[in-house]
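Text of input.txt, listed as compact mmCIF, C-alpha atoms:
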# COMPACT_ATOMS: atom_id res chain seq x y z
CA PRO A 1 59.65 -55.83 -33.02
CA ALA A 2 56.78 -54.31 -31.00
CA THR A 3 53.32 -54.98 -32.24
CA PRO A 4 51.68 -51.76 -33.57
CA PRO A 5 48.61 -50.63 -31.63
CA THR A 6 45.27 -51.66 -32.92
CA VAL A 7 43.23 -48.76 -34.28
CA ILE A 8 39.47 -49.12 -33.72
CA PRO A 9 37.49 -47.25 -36.36
CA PRO A 10 34.78 -44.95 -34.99
CA THR A 11 31.35 -46.48 -34.95
CA ARG A 12 28.21 -44.78 -36.17
CA THR A 13 27.00 -44.27 -32.60
CA THR A 14 30.26 -42.61 -31.56
CA MET A 15 30.22 -40.27 -34.52
CA GLN A 16 26.64 -39.26 -33.89
CA SER A 17 27.18 -38.69 -30.17
CA ARG A 18 29.78 -35.98 -30.77
CA PRO A 19 28.70 -33.97 -33.79
CA HIS A 20 30.94 -31.30 -35.20
CA ASN A 21 30.07 -27.95 -33.62
CA PRO A 22 32.48 -25.01 -34.12
CA ALA A 23 30.63 -22.96 -31.48
CA ARG A 24 30.66 -25.75 -28.89
CA ASN A 25 33.07 -23.92 -26.59
CA GLN A 26 31.11 -20.67 -26.73
CA PRO A 27 28.58 -19.88 -23.98
CA GLU A 28 25.02 -20.77 -24.81
CA ARG A 29 22.82 -17.81 -25.63
CA LEU A 30 19.42 -18.21 -24.03
CA PRO A 31 16.32 -16.27 -24.95
CA ALA A 32 15.61 -13.26 -22.83
CA GLY A 33 12.60 -14.92 -21.26
CA ARG A 34 14.76 -17.76 -19.87
CA THR A 35 17.46 -15.67 -18.26
CA GLY A 36 15.29 -14.30 -15.48
CA LYS A 37 16.18 -10.75 -16.54
CA ILE A 38 14.00 -8.15 -18.17
CA PRO A 39 15.40 -6.96 -21.51
CA ASP A 40 16.56 -3.38 -21.60
CA GLY A 41 13.76 -2.39 -23.95
CA ASP A 42 11.09 -3.90 -21.68
CA THR A 43 12.65 -2.19 -18.66
CA MET A 44 12.47 1.18 -20.39
CA ASN A 45 8.87 0.55 -21.42
CA PHE A 46 7.94 -0.39 -17.85
CA ARG A 47 9.57 2.75 -16.46
CA SER A 48 7.99 4.87 -19.15
CA ARG A 49 4.54 3.55 -18.28
CA ARG A 50 5.13 4.38 -14.62
CA VAL A 51 6.24 7.91 -15.46
CA VAL A 52 3.29 8.42 -17.80
CA SER A 53 0.93 7.15 -15.09
CA TRP A 54 2.41 9.58 -12.57
CA LEU A 55 2.19 12.48 -15.02
CA LEU A 56 -1.44 11.66 -15.78
CA ARG A 57 -2.29 11.65 -12.09
CA LEU A 58 -0.43 14.89 -11.55
CA GLY A 59 -2.23 16.41 -14.52
CA LEU A 60 -5.62 15.29 -13.15
CA SER A 61 -4.87 16.84 -9.76
CA ILE A 62 -3.81 20.15 -11.34
CA ALA A 63 -6.78 20.13 -13.74
CA LEU A 64 -9.33 19.53 -10.98
CA LEU A 65 -7.82 22.18 -8.72
CA GLY A 66 -7.60 24.60 -11.62
CA ALA A 67 -11.23 24.02 -12.58
CA LEU A 68 -12.40 24.53 -9.00
CA ALA A 69 -10.26 27.63 -8.55
CA SER A 70 -11.46 29.16 -11.80
CA ALA A 71 -15.07 28.58 -10.78
CA VAL A 72 -14.66 29.85 -7.22
CA GLY A 73 -11.69 32.19 -7.50
CA TRP A 74 -8.20 31.92 -6.07
CA LYS A 75 -8.71 35.03 -3.98
CA SER A 76 -11.70 33.52 -2.19
CA ILE A 77 -9.78 30.33 -1.46
CA GLY A 78 -6.75 32.30 -0.29
CA HIS A 79 -8.97 34.41 1.94
CA GLN A 80 -10.39 31.26 3.55
CA LEU A 81 -6.91 29.90 4.20
CA ALA A 82 -5.67 33.23 5.55
CA GLN A 83 -8.57 33.36 8.00
CA ALA A 84 -7.95 29.82 9.29
CA ASP A 85 -7.18 29.43 12.98
CA LEU A 86 -3.46 28.58 13.07
CA GLY A 87 -3.68 27.14 16.57
CA LEU A 88 -6.32 24.60 15.51
CA VAL A 89 -4.31 23.75 12.40
CA VAL A 90 -1.19 22.99 14.46
CA LEU A 91 -3.29 20.95 16.88
CA ALA A 92 -4.69 19.02 13.92
CA TRP A 93 -1.15 18.31 12.70
CA CYS A 94 -0.17 16.95 16.11
CA THR A 95 -3.33 14.87 16.23
CA GLY A 96 -2.52 13.46 12.80
CA LEU A 97 0.99 12.47 13.85
CA PHE A 98 -0.47 10.71 16.89
CA ALA A 99 -2.99 8.90 14.65
CA HIS A 100 -0.08 7.63 12.54
CA LEU A 101 1.56 6.37 15.74
CA VAL A 102 -1.55 4.39 16.65
CA SER A 103 -1.65 2.99 13.12
CA ALA A 104 1.98 1.91 13.49
CA PHE A 105 1.09 0.19 16.75
CA GLN A 106 -1.71 -1.62 14.94
CA MET A 107 0.74 -2.84 12.29
CA GLN A 108 3.14 -3.98 14.99
CA LEU A 109 0.38 -6.05 16.62
CA ILE A 110 -0.27 -7.75 13.28
CA MET A 111 3.38 -8.48 12.58
CA ARG A 112 4.13 -9.74 16.09
CA GLY A 113 1.12 -12.03 15.93
CA ALA A 114 2.65 -13.56 12.79
CA GLY A 115 6.07 -13.90 14.44
CA LEU A 116 7.65 -10.85 12.78
CA GLN A 117 9.56 -8.76 15.31
CA VAL A 118 10.04 -5.11 14.39
CA SER A 119 10.15 -1.94 16.46
CA LEU A 120 7.34 0.60 16.60
CA SER A 121 9.64 3.41 15.45
CA ARG A 122 10.69 1.41 12.38
CA ILE A 123 7.07 0.90 11.31
CA TYR A 124 6.27 4.58 11.95
CA LEU A 125 9.21 5.69 9.80
CA ALA A 126 8.36 3.16 7.09
CA ASN A 127 4.86 4.63 6.89
CA ALA A 128 6.29 8.15 6.64
CA GLN A 129 8.73 7.02 3.96
CA SER A 130 5.84 5.52 1.99
CA VAL A 131 3.97 8.84 2.08
CA PHE A 132 7.16 10.64 1.00
CA TYR A 133 7.59 8.31 -1.98
CA GLY A 134 3.97 8.98 -2.93
CA PHE A 135 5.13 12.44 -4.08
CA LEU A 136 8.08 11.09 -6.07
CA MET A 137 7.09 7.76 -7.56
CA PRO A 138 4.24 7.08 -9.97
CA GLY A 139 1.44 5.12 -8.39
CA ASP A 140 0.37 4.09 -4.91
CA LEU A 141 1.75 0.60 -5.55
CA MET A 142 5.27 1.98 -5.86
CA SER A 143 5.02 3.94 -2.61
CA ALA A 144 3.58 0.83 -0.94
CA ALA A 145 6.52 -1.12 -2.35
CA ALA A 146 8.86 1.24 -0.47
CA LYS A 147 7.07 0.38 2.78
CA TRP A 148 7.21 -3.32 1.95
CA ALA A 149 10.94 -3.19 1.16
CA ASN A 150 11.62 -1.35 4.43
CA LEU A 151 9.73 -3.80 6.63
CA ALA A 152 11.05 -6.80 4.70
CA ALA A 153 14.59 -5.59 5.37
CA ALA A 154 13.74 -5.09 9.04
CA THR A 155 12.32 -8.60 9.48
CA GLY A 156 14.09 -10.72 6.88
CA GLU A 157 10.69 -11.88 5.57
CA LYS A 158 9.22 -10.75 2.28
CA THR A 159 6.05 -12.72 1.60
CA SER A 160 4.78 -12.49 5.18
CA VAL A 161 5.20 -8.71 5.12
CA ILE A 162 3.02 -8.50 1.99
CA THR A 163 0.31 -10.49 3.77
CA ALA A 164 0.61 -8.30 6.86
CA ILE A 165 0.19 -5.14 4.76
CA ALA A 166 -2.94 -6.59 3.09
CA TYR A 167 -4.40 -7.56 6.49
CA ASN A 168 -3.58 -4.12 7.86
CA ARG A 169 -5.26 -2.39 4.90
CA ILE A 170 -8.51 -4.26 5.47
CA MET A 171 -8.45 -3.41 9.18
CA ILE A 172 -7.76 0.28 8.45
CA LEU A 173 -10.73 0.59 6.09
CA ALA A 174 -13.21 -1.47 8.13
CA PRO A 175 -14.08 1.18 10.79
CA TRP A 176 -14.46 3.90 8.17
CA VAL A 177 -16.74 1.82 5.96
CA VAL A 178 -18.99 0.72 8.82
CA ALA A 179 -19.18 4.11 10.58
CA GLY A 180 -19.60 6.04 7.33
CA THR A 181 -22.38 3.78 6.05
CA VAL A 182 -24.32 3.95 9.31
CA ALA A 183 -23.90 7.74 9.55
CA LEU A 184 -24.98 8.24 5.94
CA SER A 185 -28.07 6.10 6.43
CA LEU A 186 -29.07 8.29 9.40
CA THR A 187 -28.36 11.67 7.84
CA ASN A 188 -28.56 11.45 4.06
CA PRO A 189 -28.91 14.92 2.51
CA TRP A 190 -30.09 13.59 -0.86
CA ASN A 191 -32.81 11.26 0.47
CA SER A 192 -31.50 8.47 -1.74
CA ALA A 193 -30.62 4.93 -0.73
CA PHE A 194 -28.09 4.51 -3.54
CA LEU A 195 -25.01 5.63 -1.56
CA THR A 196 -26.10 3.64 1.49
CA ILE A 197 -26.42 0.51 -0.63
CA ILE A 198 -22.92 1.11 -2.01
CA GLY A 199 -21.57 1.46 1.53
CA PHE A 200 -23.16 -1.78 2.72
CA SER A 201 -21.94 -3.55 -0.43
CA ILE A 202 -18.36 -2.45 0.23
CA ALA A 203 -18.66 -3.61 3.85
CA ILE A 204 -19.96 -7.04 2.77
CA LEU A 205 -17.18 -7.35 0.18
CA MET A 206 -14.50 -6.51 2.75
CA LEU A 207 -15.96 -8.96 5.27
CA THR A 208 -16.07 -11.72 2.66
CA THR A 209 -12.46 -11.04 1.66
CA PHE A 210 -11.35 -11.12 5.29
CA VAL A 211 -13.17 -14.40 5.98
CA LEU A 212 -11.74 -16.13 2.90
CA LEU A 213 -8.17 -14.95 3.46
CA PHE A 214 -7.67 -14.94 7.21
CA LEU A 215 -10.03 -17.51 8.78
CA PRO A 216 -8.74 -21.11 8.88
CA ARG A 217 -11.56 -23.22 7.42
CA PRO A 218 -12.73 -20.91 4.61
CA GLY A 219 -9.08 -20.13 3.90
CA ALA A 220 -8.22 -23.82 3.46
CA VAL A 221 -11.03 -24.19 0.90
CA LEU A 222 -9.81 -21.10 -0.97
CA ASP A 223 -6.23 -22.38 -0.93
CA ARG A 224 -7.21 -25.68 -2.56
CA MET A 225 -9.20 -23.87 -5.24
CA VAL A 226 -6.47 -21.33 -6.01
CA LEU A 227 -3.59 -23.83 -6.02
CA GLY A 228 -5.57 -26.31 -8.13
CA LEU A 229 -6.41 -23.63 -10.67
CA GLY A 230 -2.83 -22.40 -10.65
CA ARG A 231 -1.43 -25.85 -11.43
CA ARG A 232 -3.65 -25.99 -14.50
CA ILE A 233 -3.08 -22.60 -16.07
CA LEU A 234 0.07 -21.05 -14.54
CA PRO A 235 3.77 -21.76 -15.18
CA GLN A 236 5.66 -23.75 -12.56
CA ARG A 237 7.60 -20.74 -11.32
CA MET A 238 4.42 -18.74 -10.66
CA ASN A 239 2.94 -21.78 -8.92
CA ARG A 240 5.86 -21.82 -6.50
CA SER A 241 5.40 -18.12 -5.75
CA MET A 242 1.69 -18.64 -5.20
CA GLY A 243 2.42 -21.55 -2.87
CA THR A 244 4.77 -19.35 -0.84
CA LEU A 245 2.10 -16.67 -0.56
CA VAL A 246 -0.50 -19.22 0.56
CA ASP A 247 1.92 -20.58 3.16
CA SER A 248 2.42 -17.07 4.55
CA LEU A 249 -1.32 -16.83 5.27
CA ALA A 250 -1.06 -19.70 7.78
CA ALA A 251 0.52 -17.50 10.46
CA PHE A 252 -2.35 -14.99 10.25
CA ARG A 253 -5.00 -17.71 10.29
CA ARG A 254 -3.74 -18.79 13.69
CA PHE A 255 -4.97 -15.51 15.15
CA GLY A 256 -7.69 -16.04 17.70
CA LEU A 257 -10.85 -13.97 17.95
CA LYS A 258 -9.26 -11.94 20.74
CA GLN A 259 -6.32 -10.97 18.51
CA HIS A 260 -8.59 -9.93 15.66
CA LEU A 261 -10.71 -7.81 17.99
CA TRP A 262 -7.65 -6.23 19.60
CA ILE A 263 -6.26 -5.23 16.20
CA LEU A 264 -9.68 -3.93 15.14
CA SER A 265 -9.82 -1.88 18.35
CA ALA A 266 -6.49 -0.25 17.52
CA SER A 267 -7.77 0.50 14.01
CA THR A 268 -10.96 2.01 15.42
CA ALA A 269 -8.94 4.18 17.80
CA ALA A 270 -6.79 5.43 14.91
CA ALA A 271 -9.93 6.18 12.90
CA GLY A 272 -11.41 8.07 15.85
CA ILE A 273 -8.28 10.21 16.16
CA GLY A 274 -8.34 10.81 12.41
CA MET A 275 -11.96 11.90 12.73
CA LEU A 276 -10.94 14.36 15.44
CA ARG A 277 -8.23 15.74 13.13
CA PHE A 278 -10.82 16.25 10.39
CA GLY A 279 -13.08 18.10 12.82
CA LEU A 280 -10.21 20.35 13.92
CA PHE A 281 -9.41 21.28 10.32
CA ALA A 282 -13.09 22.00 9.67
CA ALA A 283 -13.34 24.17 12.78
CA ALA A 284 -10.12 25.98 11.85
CA ILE A 285 -11.66 27.18 8.60
CA GLY A 286 -15.04 27.96 10.16
CA ILE A 287 -17.09 24.93 9.04
CA VAL A 288 -19.52 23.75 11.72
CA LEU A 289 -21.53 20.62 10.90
CA PRO A 290 -23.20 17.82 12.91
CA LEU A 291 -20.98 14.94 14.00
CA LEU A 292 -22.70 12.32 11.84
CA THR A 293 -22.23 14.51 8.78
CA LEU A 294 -18.52 14.84 9.45
CA VAL A 295 -18.26 11.07 10.00
CA TRP A 296 -19.77 10.02 6.69
CA ALA A 297 -18.02 12.80 4.74
CA ARG A 298 -14.62 11.82 6.15
CA SER A 299 -15.33 8.12 5.52
CA ALA A 300 -16.17 8.89 1.90
CA LEU A 301 -12.88 10.78 1.52
CA VAL A 302 -10.94 7.81 2.90
CA LEU A 303 -12.49 5.55 0.26
CA ILE A 304 -11.97 8.10 -2.50
CA ARG A 305 -8.27 8.30 -1.67
CA GLN A 306 -7.91 4.58 -2.38
CA LEU A 307 -8.45 5.32 -6.08
CA PRO A 308 -5.05 5.68 -7.82
CA ILE A 309 -6.11 8.62 -9.99
CA SER A 310 -4.39 11.59 -8.36
CA ILE A 311 -1.41 12.53 -6.19
CA HIS A 312 -2.43 11.82 -2.59
CA GLY A 313 -6.05 12.59 -3.50
CA VAL A 314 -5.36 16.23 -4.39
CA GLY A 315 -8.11 17.62 -6.59
CA VAL A 316 -10.37 14.60 -6.14
CA GLN A 317 -10.59 15.28 -2.40
CA GLU A 318 -11.51 18.94 -2.88
CA THR A 319 -14.09 18.07 -5.55
CA GLY A 320 -15.68 15.53 -3.21
CA LEU A 321 -15.84 18.04 -0.37
CA VAL A 322 -17.52 20.63 -2.59
CA LEU A 323 -20.18 18.12 -3.64
CA MET A 324 -20.77 16.61 -0.19
CA LEU A 325 -20.61 19.68 2.02
CA GLY A 326 -22.43 21.83 -0.52
CA ALA A 327 -25.56 19.84 0.30
CA TYR A 328 -25.36 21.35 3.81
CA GLY A 329 -24.87 24.93 2.63
CA VAL A 330 -21.07 25.05 2.94
CA SER A 331 -19.54 27.41 0.39
CA ALA A 332 -17.28 26.01 -2.31
CA ASP A 333 -14.28 28.14 -1.29
CA ALA A 334 -14.54 26.91 2.32
CA ALA A 335 -14.78 23.27 1.17
CA ILE A 336 -11.74 23.67 -1.08
CA GLY A 337 -9.85 25.37 1.74
CA LEU A 338 -10.66 22.43 4.02
CA GLY A 339 -9.27 20.01 1.47
CA LEU A 340 -6.05 22.00 1.13
CA LEU A 341 -5.65 22.16 4.92
CA MET A 342 -6.01 18.39 5.06
CA PHE A 343 -3.30 18.09 2.43
CA THR A 344 -0.89 20.03 4.65
CA ASN A 345 -1.14 17.15 7.13
CA VAL A 346 0.12 14.80 4.40
CA ILE A 347 3.01 17.17 3.71
CA VAL A 348 4.00 17.25 7.41
CA PHE A 349 4.13 13.45 7.61
CA ALA A 350 5.95 13.21 4.27
CA LEU A 351 8.63 15.57 5.60
CA ILE A 352 9.37 13.04 8.34
CA GLY A 353 9.70 10.37 5.67
CA GLY A 354 12.02 12.62 3.66
CA VAL A 355 14.30 13.19 6.66
CA TYR A 356 14.36 9.44 7.29
CA GLN A 357 15.21 8.75 3.65
CA GLY A 358 18.05 11.26 3.87
CA ALA A 359 19.35 9.56 7.02
CA LEU A 360 19.35 6.23 5.19
CA LEU A 361 21.29 7.67 2.28
CA LEU A 362 23.87 9.25 4.61
CA GLY A 363 24.25 6.07 6.63
CA TRP A 364 22.83 7.58 9.82
CA ALA A 365 20.01 5.03 9.93
CA ARG A 366 20.31 1.29 9.39
CA TRP A 367 18.31 -0.37 6.65
CA SER A 368 18.98 -4.07 7.12
CA ILE A 369 18.60 -6.29 10.16
CA ASN A 370 22.27 -7.25 10.31
CA SER A 371 25.52 -5.37 10.33
CA GLU A 372 26.53 -6.50 6.84
CA GLY A 373 23.62 -4.61 5.30
CA SER A 374 21.96 -7.54 3.56
CA ASP A 375 18.33 -8.39 3.78
CA GLY A 376 18.91 -11.79 5.25
CA GLY A 377 18.81 -12.88 8.84
CA SER A 378 16.29 -14.15 11.27
CA SER A 379 13.16 -12.27 12.12
CA ASN A 380 14.07 -12.15 15.78
CA SER A 381 16.87 -9.68 15.16
CA GLY A 382 14.68 -6.91 13.80
CA GLN A 383 14.44 -4.86 17.00
CA ARG A 384 16.43 -1.79 15.96

What is this structure when it is put down as structure tokens?
Amino acid sequence: PATPPTVIPPTRTTMQSRPHNPARNQPERLPAGRTGKIPDGDTMNFRSRRVVSWLLRLGLSIALLGALASAVGWKSIGHQLAQADLGLVVLAWCTGLFAHLVSAFQMQLIMRGAGLQVSLSRIYLANAQSVFYGFLMPGDLMSAAAKWANLAAATGEKTSVITAIAYNRIMILAPWVVAGTVALSLTNPWNSAFLTIIGFSIAILMLTTFVLLFLPRPGAVLDRMVLGLGRRILPQRMNRSMGTLVDSLAAFRRFGLKQHLWILSASTAAAGIGMLRFGLFAAAIGIVLPLLTLVWARSALVLIRQLPISIHGVGVQETGLVLMLGAYGVSADAAIGLGLLMFTNVIVFALIGGVYQGALLLGWARWSINSEGSDGGSSNSGQR
């Protein structure tokens, strides 16, 4: 007869290695923080905060305009706007659109220097789309995110586009800060050095930021400090993201002095055209002031608009004009009318962004760099 098979009893190690688990075949449930997804409740809270922020900014704009109008009178403001020279207003609109074109050319110089190929028209439309989203989405960061997403889709690069936008922002503000500070120091209506000191402080801060971020040797020192600190206090995933951002700075640090000066020249030209637009709006409503006064007043408005406390600076801009131009004898209704005329230029450019957004939704304009519609692809295929 056949010998029965030998049965080996399970050892202690074998029994412990496979414990009884009724839910072993069920998928593992990870905590929300480990899935890479934001829980629904957190998503709603994030959106709610954005909406509340936008409503607060809208409320501040309406409150400031309402306070100014109640003090001056809507009829006086309407009379100033009705008496404005329409021909000069239209010329100011055209000048503003041309200034945006020069700004787009400046951004193209920056991106091409970093190896990111994108057409001038795409950058121009991305800027207009960003202004359009500034009316719809809460916060300047969200409208800037629309510009970033557009250019990232056009180039296939995400981190480098963020760095290019930061570089571009510094270059845009630099001519205004320098020219405005010098003009204010020469023609200060309040005979106080406080505002001049603030202007020079902002200029020094911007120069220091530029040197640390975009010059090779100081940038290398900053990179070692930031990455070393990040390894000590940040999670590994955030360290990888920070490393990617630091790597993206390398392309911009290869810029020579000639490239930096060429980009700064384009920024200065755009600022000069913007200054001309401001002068045309002032002349259209009957405000005649010395050139240096217009320079420092417009520079102050540019800096004020960087504060994320109102919708495209509405209300804050008019309040600033009343305070600044009132020192030169300009009436409050004329100053408010000038601010509202300047806001019409924003509306004109936002309309272009709205048409572009509609073309994207209808499929008349292409979003991605390849025919499949994804955001991938090489940066050399972005000329569309």

Give me the box for segment 342-360 of chain A as AutoDock Vina command-line options, namely the centre and edge lengths in Å to one decimal of a box along x, y and z that holds every listed atom plus 6 Å on each side.
--center_x 6.7 --center_y 13.1 --center_z 5.4 --size_x 37.4 --size_y 25.8 --size_z 17.9

Exercise. Any idea what's packed within 9 Å of Leu341 of chain A, counting all atoms listed in the file, ignoring anything in its chain fewer than 2 positions away? Could you give it as an MDAnalysis selection string?
Worked result: chainID A and resid 81 89 281:282 285 336:339 343:345

Problem set entry | Using only C-alpha atoms: which of A:Gly363, A:Gly353, A:Gly256, A:Gly315 has the shortest distance to Ser130 of chain A | A:Gly353

Problem set entry | 12 Å contact set for Trp93 of chain A, all atoms listed in the file, chain neighbours under 5 positions out, as number ranges by chain | A: 86-88, 98-100, 273-274, 276-281, 284, 341-349

Got a sec: who's within 12 Å of segment 209-215 of chain A, counting all atoms listed in the file, leaving out chain neighbours fewer than 2 positions off, as a PDB file with C-alpha atoms, in the frame of the given file?
ATOM      1  CA  ILE A 110      -0.270  -7.750  13.280  1.00  0.00           C
ATOM      2  CA  ALA A 114       2.650 -13.560  12.790  1.00  0.00           C
ATOM      3  CA  THR A 163       0.310 -10.490   3.770  1.00  0.00           C
ATOM      4  CA  ALA A 164       0.610  -8.300   6.860  1.00  0.00           C
ATOM      5  CA  ALA A 166      -2.940  -6.590   3.090  1.00  0.00           C
ATOM      6  CA  TYR A 167      -4.400  -7.560   6.490  1.00  0.00           C
ATOM      7  CA  ASN A 168      -3.580  -4.120   7.860  1.00  0.00           C
ATOM      8  CA  ARG A 169      -5.260  -2.390   4.900  1.00  0.00           C
ATOM      9  CA  ILE A 170      -8.510  -4.260   5.470  1.00  0.00           C
ATOM     10  CA  MET A 171      -8.450  -3.410   9.180  1.00  0.00           C
ATOM     11  CA  LEU A 173     -10.730   0.590   6.090  1.00  0.00           C
ATOM     12  CA  ALA A 174     -13.210  -1.470   8.130  1.00  0.00           C
ATOM     13  CA  ILE A 202     -18.360  -2.450   0.230  1.00  0.00           C
ATOM     14  CA  ALA A 203     -18.660  -3.610   3.850  1.00  0.00           C
ATOM     15  CA  ILE A 204     -19.960  -7.040   2.770  1.00  0.00           C
ATOM     16  CA  LEU A 205     -17.180  -7.350   0.180  1.00  0.00           C
ATOM     17  CA  MET A 206     -14.500  -6.510   2.750  1.00  0.00           C
ATOM     18  CA  LEU A 207     -15.960  -8.960   5.270  1.00  0.00           C
ATOM     19  CA  ARG A 217     -11.560 -23.220   7.420  1.00  0.00           C
ATOM     20  CA  PRO A 218     -12.730 -20.910   4.610  1.00  0.00           C
ATOM     21  CA  GLY A 219      -9.080 -20.130   3.900  1.00  0.00           C
ATOM     22  CA  ALA A 220      -8.220 -23.820   3.460  1.00  0.00           C
ATOM     23  CA  VAL A 221     -11.030 -24.190   0.900  1.00  0.00           C
ATOM     24  CA  LEU A 222      -9.810 -21.100  -0.970  1.00  0.00           C
ATOM     25  CA  ASP A 223      -6.230 -22.380  -0.930  1.00  0.00           C
ATOM     26  CA  ARG A 224      -7.210 -25.680  -2.560  1.00  0.00           C
ATOM     27  CA  MET A 225      -9.200 -23.870  -5.240  1.00  0.00           C
ATOM     28  CA  VAL A 226      -6.470 -21.330  -6.010  1.00  0.00           C
ATOM     29  CA  LEU A 245       2.100 -16.670  -0.560  1.00  0.00           C
ATOM     30  CA  VAL A 246      -0.500 -19.220   0.560  1.00  0.00           C
ATOM     31  CA  ASP A 247       1.920 -20.580   3.160  1.00  0.00           C
ATOM     32  CA  SER A 248       2.420 -17.070   4.550  1.00  0.00           C
ATOM     33  CA  LEU A 249      -1.320 -16.830   5.270  1.00  0.00           C
ATOM     34  CA  ALA A 250      -1.060 -19.700   7.780  1.00  0.00           C
ATOM     35  CA  ALA A 251       0.520 -17.500  10.460  1.00  0.00           C
ATOM     36  CA  PHE A 252      -2.350 -14.990  10.250  1.00  0.00           C
ATOM     37  CA  ARG A 253      -5.000 -17.710  10.290  1.00  0.00           C
ATOM     38  CA  ARG A 254      -3.740 -18.790  13.690  1.00  0.00           C
ATOM     39  CA  PHE A 255      -4.970 -15.510  15.150  1.00  0.00           C
ATOM     40  CA  GLY A 256      -7.690 -16.040  17.700  1.00  0.00           C
ATOM     41  CA  LEU A 257     -10.850 -13.970  17.950  1.00  0.00           C
ATOM     42  CA  HIS A 260      -8.590  -9.930  15.660  1.00  0.00           C
TER      43      HIS A 260
END
